[in-house]
$ cat entry26.txt   # compact mmCIF, C-alpha atoms
# COMPACT_ATOMS: atom_id res chain seq x y z
CA MET A 1 31.91 70.19 -97.10
CA ALA A 2 34.40 67.41 -96.55
CA LYS A 3 33.19 66.75 -93.01
CA ALA A 4 29.53 66.51 -94.07
CA ARG A 5 30.41 64.14 -96.90
CA ALA A 6 32.40 61.89 -94.56
CA LEU A 7 29.50 61.80 -92.12
CA ASP A 8 27.04 60.98 -94.90
CA LYS A 9 29.31 58.22 -96.20
CA ARG A 10 29.62 56.72 -92.75
CA ARG A 11 25.86 56.94 -92.23
CA LYS A 12 25.24 55.04 -95.47
CA ALA A 13 27.68 52.31 -94.34
CA ILE A 14 25.88 51.97 -90.99
CA ARG A 15 22.55 51.75 -92.81
CA ASN A 16 23.89 48.86 -94.89
CA ILE A 17 25.06 47.11 -91.72
CA HIS A 18 21.64 47.76 -90.19
CA LYS A 19 19.96 46.01 -93.10
CA ILE A 20 22.24 42.99 -92.68
CA THR A 21 21.79 42.67 -88.92
CA ARG A 22 18.04 43.16 -89.19
CA THR A 23 17.80 40.44 -91.85
CA MET A 24 19.92 38.08 -89.76
CA GLU A 25 17.74 38.79 -86.74
CA LEU A 26 14.61 37.83 -88.67
CA ILE A 27 16.27 34.68 -90.03
CA SER A 28 17.45 33.68 -86.56
CA ARG A 29 13.96 34.28 -85.17
CA ALA A 30 12.46 31.94 -87.78
CA ASN A 31 15.15 29.30 -87.18
CA PHE A 32 14.65 29.64 -83.44
CA SER A 33 10.93 28.92 -83.75
CA ARG A 34 11.60 25.70 -85.62
CA ALA A 35 14.47 24.64 -83.37
CA MET A 36 12.47 25.32 -80.21
CA ALA A 37 9.52 23.33 -81.52
CA ARG A 38 11.80 20.32 -82.07
CA ALA A 39 13.45 20.70 -78.65
CA VAL A 40 10.13 21.00 -76.82
CA ALA A 41 8.70 18.04 -78.70
CA ALA A 42 11.62 15.85 -77.65
CA SER A 43 11.84 17.20 -74.11
CA ALA A 44 8.91 15.32 -72.57
CA TYR A 45 9.91 11.99 -74.11
CA THR A 46 13.54 12.48 -73.08
CA LYS A 47 12.64 13.27 -69.48
CA ARG A 48 10.28 10.33 -69.20
CA ILE A 49 12.59 7.71 -70.65
CA THR A 50 15.52 9.10 -68.66
CA ALA A 51 13.45 8.87 -65.49
CA LEU A 52 12.51 5.29 -66.37
CA VAL A 53 16.15 4.31 -66.79
CA GLY A 54 16.99 6.06 -63.53
CA HIS A 55 14.26 4.15 -61.71
CA LEU A 56 15.41 0.85 -63.16
CA ALA A 57 19.01 1.57 -62.27
CA GLN A 58 18.15 2.33 -58.64
CA SER A 59 15.19 0.04 -58.03
CA GLY A 60 17.24 -2.77 -56.53
CA LEU A 61 15.99 -5.35 -59.00
CA GLU A 62 18.40 -7.98 -60.18
CA VAL A 63 18.56 -6.68 -63.71
CA ALA A 64 21.66 -5.44 -65.44
CA HIS A 65 22.77 -3.69 -68.57
CA PRO A 66 26.38 -2.77 -69.41
CA LEU A 67 25.46 0.86 -70.15
CA LEU A 68 24.05 1.32 -66.63
CA HIS A 69 27.13 0.39 -64.62
CA SER A 70 30.12 2.59 -64.03
CA ARG A 71 33.67 1.32 -64.29
CA GLU A 72 36.45 1.94 -61.83
CA PRO A 73 39.08 2.97 -62.43
CA VAL A 74 38.27 5.06 -65.50
CA ARG A 75 41.04 4.56 -68.03
CA SER A 76 39.48 5.99 -71.19
CA ALA A 77 37.11 8.95 -71.42
CA ILE A 78 35.70 11.10 -74.21
CA LEU A 79 34.73 14.75 -73.86
CA LEU A 80 32.33 15.81 -76.63
CA VAL A 81 31.98 19.57 -77.08
CA LEU A 82 29.07 21.09 -79.02
CA THR A 83 29.66 24.51 -80.61
CA SER A 84 28.39 26.27 -83.72
CA ASN A 85 29.72 26.36 -87.26
CA ARG A 86 29.07 30.10 -87.57
CA GLY A 87 29.74 33.12 -85.43
CA LEU A 88 27.74 36.30 -84.78
CA CYS A 89 25.98 34.67 -81.83
CA GLY A 90 27.33 36.70 -78.94
CA GLY A 91 29.10 34.79 -76.20
CA TYR A 92 27.50 31.44 -77.01
CA ASN A 93 30.66 29.69 -78.23
CA ALA A 94 32.94 31.43 -75.72
CA ALA A 95 30.86 30.26 -72.75
CA VAL A 96 30.85 26.63 -73.93
CA PHE A 97 34.55 26.71 -74.75
CA ARG A 98 35.59 28.09 -71.35
CA LEU A 99 33.68 25.35 -69.57
CA ALA A 100 34.90 22.66 -71.96
CA ALA A 101 38.54 23.78 -71.74
CA SER A 102 38.41 23.69 -67.95
CA ARG A 103 36.85 20.23 -67.97
CA TRP A 104 39.33 18.98 -70.56
CA ASN A 105 42.24 19.99 -68.33
CA ALA A 106 40.62 18.15 -65.43
CA VAL A 107 39.97 15.03 -67.51
CA GLY A 108 43.56 15.02 -68.69
CA GLY A 109 44.72 14.81 -65.10
CA GLU A 110 42.21 12.13 -64.08
CA VAL A 111 42.20 9.72 -67.02
CA ALA A 112 45.07 7.89 -68.66
CA GLU A 113 43.54 7.98 -72.16
CA PRO A 114 41.49 11.17 -72.62
CA ARG A 115 39.97 11.91 -76.01
CA LEU A 116 38.53 15.20 -77.21
CA GLU A 117 35.82 15.38 -79.85
CA VAL A 118 34.41 18.70 -81.03
CA SER A 119 31.35 19.53 -83.11
CA GLY A 120 31.33 22.92 -84.80
CA LYS A 121 33.98 24.95 -86.62
CA ARG A 122 34.18 27.55 -83.86
CA GLY A 123 35.06 25.04 -81.20
CA ILE A 124 37.54 23.24 -83.46
CA SER A 125 39.40 26.46 -84.27
CA ALA A 126 39.34 27.59 -80.62
CA PHE A 127 40.98 24.38 -79.38
CA ARG A 128 43.51 24.34 -82.21
CA PHE A 129 44.44 27.96 -81.47
CA ARG A 130 45.38 26.83 -77.96
CA GLY A 131 47.41 23.90 -79.21
CA VAL A 132 44.83 21.16 -78.60
CA GLN A 133 44.06 18.91 -81.55
CA PRO A 134 40.65 17.17 -81.29
CA ARG A 135 40.71 13.43 -81.91
CA GLN A 136 37.47 13.71 -83.91
CA SER A 137 35.83 16.81 -85.36
CA TYR A 138 32.36 17.19 -86.83
CA THR A 139 31.05 20.01 -89.00
CA HIS A 140 27.93 18.40 -90.46
CA PHE A 141 25.76 19.03 -87.39
CA ASN A 142 24.21 22.35 -88.35
CA ASP A 143 21.34 24.17 -86.64
CA LYS A 144 19.01 21.33 -87.70
CA PRO A 145 20.57 18.08 -86.42
CA THR A 146 18.71 14.96 -87.47
CA PHE A 147 18.20 11.88 -85.34
CA ALA A 148 19.86 9.70 -87.98
CA GLU A 149 23.07 11.75 -87.79
CA VAL A 150 23.14 11.66 -84.00
CA GLU A 151 22.22 7.96 -83.92
CA ALA A 152 25.29 7.08 -85.98
CA LEU A 153 27.45 8.88 -83.42
CA ALA A 154 25.61 7.26 -80.51
CA ASN A 155 26.06 3.78 -81.99
CA ARG A 156 29.82 4.27 -82.13
CA TYR A 157 29.95 5.38 -78.50
CA GLN A 158 27.86 2.41 -77.42
CA GLU A 159 30.03 -0.03 -79.33
CA GLU A 160 33.19 1.38 -77.76
CA TYR A 161 31.66 1.32 -74.28
CA LEU A 162 30.45 -2.26 -74.62
CA ALA A 163 33.80 -3.34 -76.03
CA GLY A 164 35.65 -1.79 -73.09
CA ARG A 165 37.47 0.84 -75.14
CA LEU A 166 35.48 3.63 -73.46
CA ASP A 167 34.76 3.98 -69.74
CA ARG A 168 33.08 7.39 -69.60
CA LEU A 169 31.45 9.81 -72.02
CA GLU A 170 30.94 13.46 -71.12
CA ILE A 171 29.36 16.19 -73.20
CA ALA A 172 29.79 19.96 -72.93
CA TYR A 173 26.97 21.95 -74.46
CA THR A 174 24.46 24.73 -73.74
CA ARG A 175 21.35 23.37 -72.06
CA PHE A 176 18.11 25.12 -73.03
CA GLU A 177 15.91 25.84 -70.03
CA SER A 178 13.80 28.78 -71.20
CA LEU A 179 13.84 31.66 -73.65
CA SER A 180 15.72 33.79 -71.13
CA ARG A 181 17.98 31.09 -69.68
CA GLN A 182 20.49 28.86 -71.43
CA VAL A 183 23.23 27.31 -69.28
CA PRO A 184 26.58 25.85 -70.43
CA VAL A 185 26.93 22.47 -68.70
CA VAL A 186 29.01 19.31 -68.71
CA GLU A 187 27.00 16.11 -68.33
CA THR A 188 27.97 12.47 -68.12
CA LEU A 189 26.07 10.37 -70.68
CA LEU A 190 27.86 7.09 -70.13
CA PRO A 191 27.34 5.29 -67.85
CA LEU A 192 23.60 5.96 -67.94
CA GLY A 193 23.24 5.45 -64.21
CA ALA A 194 24.50 9.02 -63.73
CA LEU A 195 21.53 10.49 -65.58
CA ALA A 196 19.13 10.28 -62.66
CA SER A 197 21.05 12.69 -60.46
CA GLU A 198 21.61 15.06 -63.37
CA GLU A 199 17.90 15.23 -64.12
CA GLU A 200 17.24 16.07 -60.49
CA GLU A 201 19.90 18.79 -60.51
CA ALA A 202 18.38 20.26 -63.68
CA GLY A 203 15.16 20.94 -61.81
CA ASN A 204 13.08 18.22 -63.43
CA GLY A 205 12.18 16.64 -60.12
CA PRO A 206 13.68 13.61 -58.42
CA VAL A 207 13.80 10.48 -60.49
CA ALA A 208 15.44 8.22 -57.95
CA VAL A 209 13.23 6.39 -55.48
CA SER A 210 13.92 3.90 -52.76
CA PRO A 211 13.91 0.24 -53.79
CA SER A 212 11.10 -0.57 -51.40
CA ALA A 213 8.80 2.00 -53.00
CA THR A 214 9.17 0.80 -56.60
CA PHE A 215 7.82 -2.42 -58.09
CA PHE A 216 8.15 -3.53 -61.70
CA GLU A 217 6.58 -6.35 -63.63
CA PHE A 218 8.45 -7.26 -66.79
CA PHE A 219 7.13 -8.97 -69.89
CA PRO A 220 8.57 -10.87 -71.64
CA SER A 221 11.70 -10.45 -69.48
CA PRO A 222 13.73 -7.69 -67.81
CA GLU A 223 16.69 -8.38 -70.05
CA ALA A 224 14.62 -8.01 -73.25
CA ILE A 225 13.10 -4.74 -72.10
CA LEU A 226 16.38 -3.26 -70.93
CA ALA A 227 18.04 -4.28 -74.20
CA GLU A 228 15.61 -1.91 -75.96
CA VAL A 229 15.04 0.84 -73.39
CA VAL A 230 18.59 1.54 -72.28
CA PRO A 231 20.23 2.08 -75.71
CA THR A 232 17.21 4.10 -76.84
CA SER A 233 17.50 6.27 -73.74
CA PHE A 234 21.13 7.02 -74.50
CA LYS A 235 20.40 7.92 -78.12
CA ILE A 236 17.48 10.18 -77.18
CA LYS A 237 19.52 11.90 -74.49
CA LEU A 238 22.38 12.60 -76.89
CA PHE A 239 19.93 13.85 -79.51
CA LYS A 240 18.33 16.14 -76.93
CA CYS A 241 21.75 17.65 -76.19
CA PHE A 242 22.19 18.50 -79.87
CA LEU A 243 18.68 19.98 -80.02
CA ASP A 244 19.33 22.10 -76.92
CA ALA A 245 22.60 23.35 -78.41
CA ALA A 246 20.85 24.26 -81.67
CA VAL A 247 18.03 26.24 -80.05
CA SER A 248 20.46 27.96 -77.66
CA GLU A 249 22.61 29.00 -80.62
CA GLN A 250 19.62 30.55 -82.39
CA ILE A 251 18.57 32.42 -79.25
CA ALA A 252 22.10 33.77 -78.81
CA ARG A 253 22.30 34.84 -82.46
CA MET A 254 18.83 36.39 -82.35
CA THR A 255 19.74 38.37 -79.22
CA ALA A 256 23.10 39.47 -80.64
CA MET A 257 21.62 40.61 -83.95
CA LYS A 258 18.80 42.45 -82.17
CA ALA A 259 21.33 44.32 -80.05
CA ALA A 260 23.43 45.09 -83.14
CA THR A 261 20.35 46.37 -84.98
CA GLU A 262 19.38 48.64 -82.11
CA ASN A 263 22.93 49.96 -81.82
CA ALA A 264 23.00 50.65 -85.57
CA GLU A 265 19.73 52.57 -85.32
CA ALA A 266 21.08 54.67 -82.45
CA MET A 267 24.29 55.35 -84.37
CA ILE A 268 22.35 56.35 -87.49
CA ASP A 269 20.31 58.84 -85.44
CA MET A 270 23.47 60.29 -83.92
CA LEU A 271 25.22 60.56 -87.29
CA THR A 272 22.12 62.14 -88.84
CA MET A 273 22.03 64.82 -86.14
CA THR A 274 25.77 65.45 -86.46
CA TYR A 275 25.47 65.58 -90.25
CA ASN A 276 22.62 68.11 -90.09
CA ARG A 277 24.63 70.31 -87.75
CA ALA A 278 27.71 70.12 -89.95
CA ARG A 279 25.67 70.81 -93.07
CA GLN A 280 23.95 73.73 -91.38
CA GLY A 281 27.30 75.16 -90.34
CA GLN A 282 28.63 74.85 -93.89
CA ILE A 283 25.56 76.53 -95.35
CA THR A 284 25.88 79.36 -92.84
CA ALA A 285 29.54 79.78 -93.72
CA GLU A 286 28.71 79.88 -97.45
CA LEU A 287 26.00 82.49 -96.86
CA LEU A 288 28.42 84.65 -94.90
CA GLU A 289 30.90 84.36 -97.75
CA VAL A 290 28.23 85.46 -100.25
CA VAL A 291 27.17 88.38 -98.08
CA GLY A 292 30.76 89.39 -97.48
CA GLY A 293 31.49 89.26 -101.21
CA ALA A 294 28.44 91.36 -102.03
CA GLU A 295 29.46 94.00 -99.47
CA ALA A 296 32.94 94.07 -100.90
CA LEU A 297 31.54 94.74 -104.39
CA ASN A 298 29.35 97.58 -103.10
CA GLU A 299 32.25 99.42 -101.47

$ encode --input "entry26.txt" --output "structure tokens"
Amino acid sequence: MAKARALDKRRKAIRNIHKITRTMELISRANFSRAMARAVAASAYTKRITALVGHLAQSGLEVAHPLLHSREPVRSAILLVLTSNRGLCGGYNAAVFRLAASRWNAVGGEVAEPRLEVSGKRGISAFRFRGVQPRQSYTHFNDKPTFAEVEALANRYQEEYLAGRLDRLEIAYTRFESLSRQVPVVETLLPLGALASEEEEAGNGPVAVSPSATFFEFFPSPEAILAEVVPTSFKIKLFKCFLDAAVSEQIARMTAMKAATENAEAMIDMLTMTYNRARQGQITAELLEVVGGAEALNE
């Protein structure tokens, strides 16, 4: 009887785990729907304004903005890594961390003053476990980042870049491409002139055109327009990175919880079959004992 009881106890524990994973799957599915709606809504605007900045940067016009021009040599660089605050999302955080750790080692060898900034408790703990202390850490960007929160971060980066304290800003995150494809990438956000080639590599079509094929008429002036468009482009691009990371996290958690739920169901079925066999064997043994005892009494 002890074996059957142990199997029944284990089956009850798996059923409790099944309830938890199933609930988390449903919650992740609902969060994913909201996060994807926000990411898709911002995607078209982000692509268009990024393409506009790319055209302006490569059009050959005599217009300039400090955020568009690269600086050589690069003395100070920031690597911003976007991870999650919670686990149970499969290999989402591990994939971003591997890419970010590799890039951080490369930046350390290229730049005199590298700085690491990490968003998400999982990324912070992963770097600290390997002896790397982030210069700045953020835990308030949950699965629903707001534009106001990201704008405050973007304003600081812009101020440092304009003041000359920052020469390059890179971000490591998971780019959302489709429901079945999310890719960990490292992109350069500052200077903004690098965005055109990145958009082309992402499969959004070429954004760079030859100077002779592009003509712009500015009103009231190129400087006034660029003063508004360029900083806005940077803020929107950074916000889009946070949105992509959020929706990719929900997809990873939804997939992981679905797999865990299916595995729990398969394990419950296996334990149920094993329990029935064990119980049947015990009942058979008890019947044989009863029959044997009755025959002994009749002798």

$ closest_residue --input "entry26.txt" --among "A:Tyr92, A:Phe97, A:Phe32, A:Phe242" --to "A:Phe141" --atoms "all atoms listed in the file"
A:Phe242

$ closest_residue --input "entry26.txt" --among "A:Leu52, A:Leu271, A:Ala172, A:Leu67" --to "A:Ser119" --atoms "all atoms listed in the file"
A:Ala172

$ closest_residue --input "entry26.txt" --among "A:Thr261, A:Ser125, A:Thr146, A:Ser28" --to "A:Ile14" --atoms "only C-alpha atoms"
A:Thr261

$ residues_around --input "entry26.txt" --residues "A:His65" --least-positions-apart "5" --cutoff "9 Å" --atoms "all atoms listed in the file" --output "list in words"
Glu223, Leu226, Ala227 and Val230 of chain A

$ atom_distance --input "entry26.txt" --atom1 "atom CA of A:Gly90" --atom2 "atom CA of A:Ala252"
6.0 Å

$ atom_distance --input "entry26.txt" --atom1 "atom CA of A:Pro134" --atom2 "atom CA of A:Arg115"
7.5 Å

$ atom_distance --input "entry26.txt" --atom1 "atom CA of A:Ala112" --atom2 "atom CA of A:Tyr161"
16.0 Å

$ residues_around --input "entry26.txt" --residues "A:Ala264" --least-positions-apart "6" --cutoff "8 Å" --atoms "only C-alpha atoms" --output "short mmCIF file (atom, residue, chain, number, x, y, z; two decimals) with C-alpha atoms, in the frame of the given file"
data_model
loop_
_atom_site.label_atom_id
_atom_site.label_comp_id
_atom_site.auth_asym_id
_atom_site.auth_seq_id
_atom_site.Cartn_x
_atom_site.Cartn_y
_atom_site.Cartn_z
CA ILE A 14 25.88 51.97 -90.99
CA ARG A 15 22.55 51.75 -92.81
CA ILE A 17 25.06 47.11 -91.72
CA HIS A 18 21.64 47.76 -90.19
#

$ closest_residue --input "entry26.txt" --among "A:Leu7, A:Leu169, A:Ala77, A:Leu116" --to "A:Phe234" --atoms "all atoms listed in the file"
A:Leu169

$ residues_around --input "entry26.txt" --residues "A:Arg29" --least-positions-apart "4" --cutoff "12 Å" --atoms "all atoms listed in the file" --output "compact mmCIF listing (two decimals) with C-alpha atoms, in the frame of the given file"
# COMPACT_ATOMS: atom_id res chain seq x y z
CA ARG A 22 18.04 43.16 -89.19
CA THR A 23 17.80 40.44 -91.85
CA MET A 24 19.92 38.08 -89.76
CA GLU A 25 17.74 38.79 -86.74
CA SER A 33 10.93 28.92 -83.75
CA ARG A 34 11.60 25.70 -85.62
CA ALA A 35 14.47 24.64 -83.37
CA MET A 36 12.47 25.32 -80.21
CA LEU A 179 13.84 31.66 -73.65
CA VAL A 247 18.03 26.24 -80.05
CA SER A 248 20.46 27.96 -77.66
CA GLU A 249 22.61 29.00 -80.62
CA GLN A 250 19.62 30.55 -82.39
CA ILE A 251 18.57 32.42 -79.25
CA ALA A 252 22.10 33.77 -78.81
CA ARG A 253 22.30 34.84 -82.46
CA MET A 254 18.83 36.39 -82.35
CA THR A 255 19.74 38.37 -79.22
CA ALA A 256 23.10 39.47 -80.64
CA MET A 257 21.62 40.61 -83.95
CA LYS A 258 18.80 42.45 -82.17
